[in-house]
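A.B. asks: There's a structure below that I have some questions on.
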Amino acid sequence: MKKRPKLLLIGSMTRSVAKYDDGIRKRFGGGVAYGGRVAVALGITAEIITIGAEDIESGVEELRSRGINIRRIPRKVSNNFFNDYRGKRQLRMKNYIKKPISKRDFKQIPDSEGVLFFPGFHEISSETLDIFKGKTIFLDLGGLIRAFGEQDREGYHLVNQGHWDTIDDYRNKVDVLKVSHEDLENIKFDESINTDIEKMQNLAESGFPIVLFTKAEKGMILVRKGELPLKIPTVAVQGDPAGAGEVFSVGFMAKYLETMDPMKAAAFGNACASLKVSGEDYNYGKAEERANQILLKVKT
């Protein structure tokens with residue numbers, strides 16, 4: 001059996017508050033936190049580089065207790081969010097990291113086969129990607145198009161959708177780009193490009209060779225440079241969707257680096273995400289079994 005790849009996860013861990021109809025939950029989140037936990041479940045070697053203040057340190061220690069090698073790049077504040085899930089989700093924050101991760105933050109560049117970037121709120125820049133030139137790069141776009149909105153009485157700013165004005169700085173640096181419908185709405189395209197599929201195809205042909213369009217319980221669409229779009233279904237389950245996107249991303253990269261087959265990788269990522277949402281205990285073998293079921297439904 002081929003040795004499973006080593007992954008590096010980069011982004012800000014958050015110490016966030018989430019308000020639901022049935023109460024308030026406090027937790028450490030962010031792509032690196034969710035991604036690190038799924039790496040443990042799958043038996044994948046993963047290292048984490050996060051960034052923030054001492055208020056996330058207990059979250060860092062929690063991941064270390066799971067056997068993950070994690071380092072916190074110190075900043076004066078963290079990217080901490082207040083989520084209100086009562087009705088349509090509203091996202092707020094008081095402070096944000098104003099100085100993105102740079103090469104000056106590293107004495108030694110960690111070794112890995114693939115690097116996943118999970119920006120929460122602009123702590124990642126195109127210069128951050130340059131540090132890992134030559135590695136397979138996965139970018140979850142969401143946190144790069146967020147913008148500060150109006151401030152409420154408690155000092156929180158509403159987090160709005162901004163625009164990816166720096167897109168040209170990222171072209172030909174990203175191997176796999178993960179986007180949502182909202183992300184696509186905030187990227188400027190030529191007036192002749194209107195549908196989500198057309199937008200993804202344009203991205204794939206202009207510096208982002210693999211584009212993953214996530215549609216939650218509806219599965220996802222895989223677009224590759226020079227190839228027709230391909231819908232990858234998922235398994236419909238009930239449960240907590242928090243972190244499902246990051247779980248998908250880690251599963252995708254693990255299988256992609258093992259097989260170099262984005263279709264198999266997308267099915268594996270969807271399998272991991274559905275197992276996480278359902279709250280089931282799972283491992284690499286169980287995720288593979290579900291991925292094989294998903295692949296049988298793919299129409300090539």
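Quick note on naming: the chains in the structure tokens go A, B, ... in the order shown, residues restart at 1 in each chain, and ligands are numbered from 1 in order of appearance.
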Give me the residues near Asp175 of chain A as a compact mmCIF listing (two decimals) with N, CA and C atoms, in the first residue's frame, where near means some atom within 9 Å (using only C-alpha atoms) and where sequence neighbours in that chain fewer than 2 positions away do not count.
C.D. replies:
```txt
# COMPACT_ATOMS: atom_id res chain seq x y z
N THR A 136 2.10 20.98 -3.56
CA THR A 136 0.72 20.99 -4.05
C THR A 136 -0.10 21.86 -3.11
N ILE A 137 -0.70 22.91 -3.66
CA ILE A 137 -1.38 23.93 -2.85
C ILE A 137 -2.90 23.82 -3.01
N PHE A 138 -3.59 23.76 -1.87
CA PHE A 138 -5.05 23.77 -1.80
C PHE A 138 -5.46 25.05 -1.09
N LEU A 139 -6.39 25.81 -1.69
CA LEU A 139 -6.86 27.06 -1.09
C LEU A 139 -8.38 27.03 -0.95
N ASN A 172 -1.86 30.68 -10.93
CA ASN A 172 -0.70 29.80 -11.16
C ASN A 172 0.10 29.52 -9.90
N LYS A 173 -0.50 29.79 -8.74
CA LYS A 173 0.11 29.44 -7.46
C LYS A 173 -0.72 28.39 -6.73
N LEU A 177 -8.55 24.89 -6.00
CA LEU A 177 -9.28 26.03 -5.44
C LEU A 177 -10.68 25.57 -5.06
N GLY A 207 -5.48 29.79 -14.48
CA GLY A 207 -4.53 29.77 -13.36
C GLY A 207 -4.93 28.96 -12.16
N PHE A 208 -6.12 28.30 -12.19
CA PHE A 208 -6.56 27.46 -11.08
C PHE A 208 -7.03 26.11 -11.66
N PRO A 209 -6.10 25.20 -11.94
CA PRO A 209 -6.40 24.01 -12.76
C PRO A 209 -7.46 23.06 -12.23
N ILE A 210 -7.67 23.01 -10.91
CA ILE A 210 -8.74 22.20 -10.34
C ILE A 210 -9.60 23.12 -9.47
N VAL A 211 -10.90 23.18 -9.78
CA VAL A 211 -11.83 24.00 -9.02
C VAL A 211 -12.91 23.10 -8.43
```
A.B. asks: I'd like the contact shell of Pro100 of chain A - 10 Å cut-off, only C-alpha atoms, skipping same-chain residues fewer than 4 positions apart - returned as a list in words.
C.D. replies: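 After dropping sequence-adjacent residues, the list is Gly11, Ile51, Arg75, Asp105, Pro119, Phe121, His122, Glu123, Ile124, Ser125, Ser126, Glu127 and Thr128 of chain A.
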A.B. asks: Can you list, as a PyMOL selection string, every residue of segment 116-198 of chain A that DSSP puts in strand (DSSP E or B)?
C.D. replies: chain A and resi 116-118+136-140+146-151+157-161+176-179
A.B. asks: Give me the residues within 6 Å of segment 163-167 of chain A as a PyMOL selection string, counting only C-alpha atoms and dropping any in the same chain fewer than 3 places off.
C.D. replies: chain A and resi 145+170+186-187
A.B. asks: Pick out the residues sitting within 8 Å of segment 279-282 of chain A, and hand them over as a list in words; count only C-alpha atoms, and ignore anything fewer than 4 positions along from it in its own chain.
C.D. replies: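 Selected residues are Ala41, Leu42, Gly239, Asp240, Leu275, Lys286 and Ala287 of chain A.
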A.B. asks: Run DSSP on the backbone and grab whatever in segment 108-177 of chain A lands in alpha helix (DSSP H); send it over as a PyMOL selection string.
C.D. replies: chain A and resi 126-130+167-170
A.B. asks: Output the selection as a PDB file, in the first residue's frame - C-alpha atoms for each residue.
C.D. replies:
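Saved file selection_22.pdb follows:
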```
ATOM      1  CA  SER A 126      -0.375  35.409  -1.953  1.00  0.00           C
ATOM      2  CA  GLU A 127       3.059  35.988  -0.390  1.00  0.00           C
ATOM      3  CA  THR A 128       2.207  33.313   2.181  1.00  0.00           C
ATOM      4  CA  LEU A 129       1.694  30.844  -0.664  1.00  0.00           C
ATOM      5  CA  ASP A 130       5.097  31.787  -2.117  1.00  0.00           C
ATOM      6  CA  ILE A 167      -7.170  37.213  -7.543  1.00  0.00           C
ATOM      7  CA  ASP A 168      -4.430  37.857 -10.116  1.00  0.00           C
ATOM      8  CA  ASP A 169      -1.794  37.510  -7.378  1.00  0.00           C
ATOM      9  CA  TYR A 170      -2.940  33.923  -6.799  1.00  0.00           C
TER      10      TYR A 170
END
```
A.B. asks: Excluding Val40 of chain A and any residue of its chain fewer than 4 positions from it, enumerate the residues within 10 Å of it, using only C-alpha atoms, and give them as a PDB file with C-alpha atoms, in the first residue's frame.
C.D. replies:
```
ATOM      1  CA  GLY A  35      -8.875  19.730   9.602  1.00  0.00           C
ATOM      2  CA  GLY A  36      -6.453  18.568  12.284  1.00  0.00           C
ATOM      3  CA  ILE A  44      -2.918  10.958   8.261  1.00  0.00           C
ATOM      4  CA  THR A  45       0.261  12.712   9.338  1.00  0.00           C
ATOM      5  CA  ALA A  46      -0.543  16.408   9.524  1.00  0.00           C
ATOM      6  CA  LEU A  63      -4.740  19.471  19.290  1.00  0.00           C
ATOM      7  CA  ARG A  66      -4.248  14.378  19.979  1.00  0.00           C
ATOM      8  CA  GLY A  67      -0.707  13.914  18.709  1.00  0.00           C
ATOM      9  CA  ILE A  68      -0.650  16.761  16.203  1.00  0.00           C
ATOM     10  CA  ASN A 283     -11.345   5.892   9.900  1.00  0.00           C
ATOM     11  CA  TYR A 284      -9.622   5.759   6.522  1.00  0.00           C
TER      12      TYR A 284
END
```
A.B. asks: At what distance in Å, to one decimal, does atom CA of Gly87 of chain A lie from atom CA of Met13 of chain A?
C.D. replies: 25.3 Å
A.B. asks: What is the atom CA of Leu295 of chain A to atom CA of Phe268 of chain A distance in Å?
C.D. replies: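 One can read the atom CA of Leu295 of chain A to atom CA of Phe268 of chain A distance as 8.9 Å.
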A.B. asks: Would you mind listing what lies within 8 Å of segment 106-117 of chain A as a list in words, with only C-alpha atoms counted and same-chain residues fewer than 4 positions away left out?
C.D. replies: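 Here the answer would be Pro5, Lys6, Leu7, Leu8, Leu9, Ile10, Gly11, Ser102, Ile124, Ile131, Phe132, Lys135, Thr136, Ile137, Phe138, Leu139, Asp140, Ser249, Val250, Met253 and Leu257 of chain A.
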A.B. asks: Store the residues picked out above, limited to N, CA and C atoms, as a compact mmCIF listing (two decimals), in the first residue's frame.
C.D. replies:
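out-v9.txt, freshly written:
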```
# COMPACT_ATOMS: atom_id res chain seq x y z
N PRO A 5 0.26 10.51 2.35
CA PRO A 5 1.05 11.75 2.30
C PRO A 5 1.01 12.52 3.61
N LYS A 6 2.00 13.37 3.78
CA LYS A 6 2.04 14.28 4.92
C LYS A 6 1.47 15.62 4.50
N LEU A 7 0.55 16.14 5.30
CA LEU A 7 -0.11 17.40 4.99
C LEU A 7 0.31 18.49 5.96
N LEU A 8 0.28 19.72 5.47
CA LEU A 8 0.50 20.90 6.30
C LEU A 8 -0.73 21.77 6.20
N LEU A 9 -1.33 22.12 7.35
CA LEU A 9 -2.54 22.94 7.40
C LEU A 9 -2.18 24.31 7.97
N ILE A 10 -2.59 25.37 7.27
CA ILE A 10 -2.22 26.72 7.67
C ILE A 10 -3.45 27.62 7.70
N GLY A 11 -3.62 28.35 8.80
CA GLY A 11 -4.73 29.28 8.95
C GLY A 11 -4.93 29.63 10.41
N SER A 102 3.98 35.59 7.03
CA SER A 102 5.03 35.86 6.04
C SER A 102 6.23 34.96 6.29
N ILE A 124 -3.93 35.04 5.52
CA ILE A 124 -3.18 34.43 4.43
C ILE A 124 -3.13 35.42 3.27
N ILE A 131 5.86 31.01 0.05
CA ILE A 131 6.78 30.32 0.97
C ILE A 131 6.84 28.83 0.64
N PHE A 132 5.74 28.30 0.10
CA PHE A 132 5.63 26.86 -0.13
C PHE A 132 5.62 26.53 -1.62
N LYS A 135 5.15 22.93 -3.71
CA LYS A 135 4.25 21.98 -3.06
C LYS A 135 2.89 22.02 -3.75
N THR A 136 2.10 20.98 -3.56
CA THR A 136 0.72 20.99 -4.05
C THR A 136 -0.10 21.86 -3.11
N ILE A 137 -0.70 22.91 -3.66
CA ILE A 137 -1.38 23.93 -2.85
C ILE A 137 -2.90 23.82 -3.01
N PHE A 138 -3.59 23.76 -1.87
CA PHE A 138 -5.05 23.77 -1.80
C PHE A 138 -5.46 25.05 -1.09
N LEU A 139 -6.39 25.81 -1.69
CA LEU A 139 -6.86 27.06 -1.09
C LEU A 139 -8.38 27.03 -0.95
N ASP A 140 -8.85 27.16 0.29
CA ASP A 140 -10.28 27.36 0.56
C ASP A 140 -10.51 28.86 0.56
N SER A 249 -12.03 18.96 2.70
CA SER A 249 -10.77 19.43 2.12
C SER A 249 -9.59 18.53 2.47
N VAL A 250 -9.50 18.15 3.74
CA VAL A 250 -8.40 17.28 4.17
C VAL A 250 -8.53 15.90 3.52
N MET A 253 -7.46 16.19 -0.19
CA MET A 253 -6.01 16.30 -0.42
C MET A 253 -5.28 15.00 -0.10
N LEU A 257 -3.30 13.35 -3.28
CA LEU A 257 -1.85 13.15 -3.29
C LEU A 257 -1.49 11.67 -3.37
```
A.B. asks: Considering only C-alpha atoms, can you say which of A:Met263, A:Ala39, A:Ala291, A:Ala33 comes closest to Gly59 of chain A?
C.D. replies: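 Under the stated criterion, the closest residue is A:Ala33.
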A.B. asks: Report the closest atom pair, with its distance in Å rounded to one decimal, for each residue of segment 73-132 of chain A that has an atom no farther than 8 Å from segment 17-25 of chain A; count only C-alpha atoms, sort by chain and then rising residue number, and write it as a Markdown table.
C.D. replies:
```
| residue | atom | partner | partner_atom | distance |
| --- | --- | --- | --- | --- |
| A:Phe81 | CA | A:Val17 | CA | 6.6 |
| A:Phe82 | CA | A:Val17 | CA | 4.9 |
| A:Asn83 | CA | A:Ala18 | CA | 4.5 |
| A:Asp84 | CA | A:Lys19 | CA | 4.8 |
| A:Tyr85 | CA | A:Tyr20 | CA | 5.2 |
| A:Arg86 | CA | A:Tyr20 | CA | 5.4 |
```
A.B. asks: Nearest residue to Gly269 of chain A out of A:Val77, A:Leu184, A:Val235, A:Ile70, using only C-alpha atoms?
C.D. replies: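 Distance minimum relative to Gly269 of chain A lands on A:Val235.
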A.B. asks: Could you tell me how far atom CA of Ala267 of chain A sits from atom CA of Gly219 of chain A, in Å to one decimal place?
C.D. replies: 9.3 Å
A.B. asks: Pick out the closest residue to Leu141 of chain A from this set: A:Thr214, A:Gln293, A:Ser274, A:Asn80. Count only C-alpha atoms.
C.D. replies: A:Thr214
A.B. asks: Write out as a tab-separated table (two decimals) with C-alpha atoms, in the first residue's frame the residues lying within 7 Å of Leu230 of chain A, counting only C-alpha atoms and excluding same-chain residues fewer than 3 positions away.
C.D. replies:
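Final file, part-v9.tsv:
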```
chain	number	residue	atom	x	y	z
A	221	ILE	CA	-19.00	19.91	-8.88
A	222	LEU	CA	-15.45	19.19	-10.02
A	223	VAL	CA	-14.06	21.35	-12.82
```
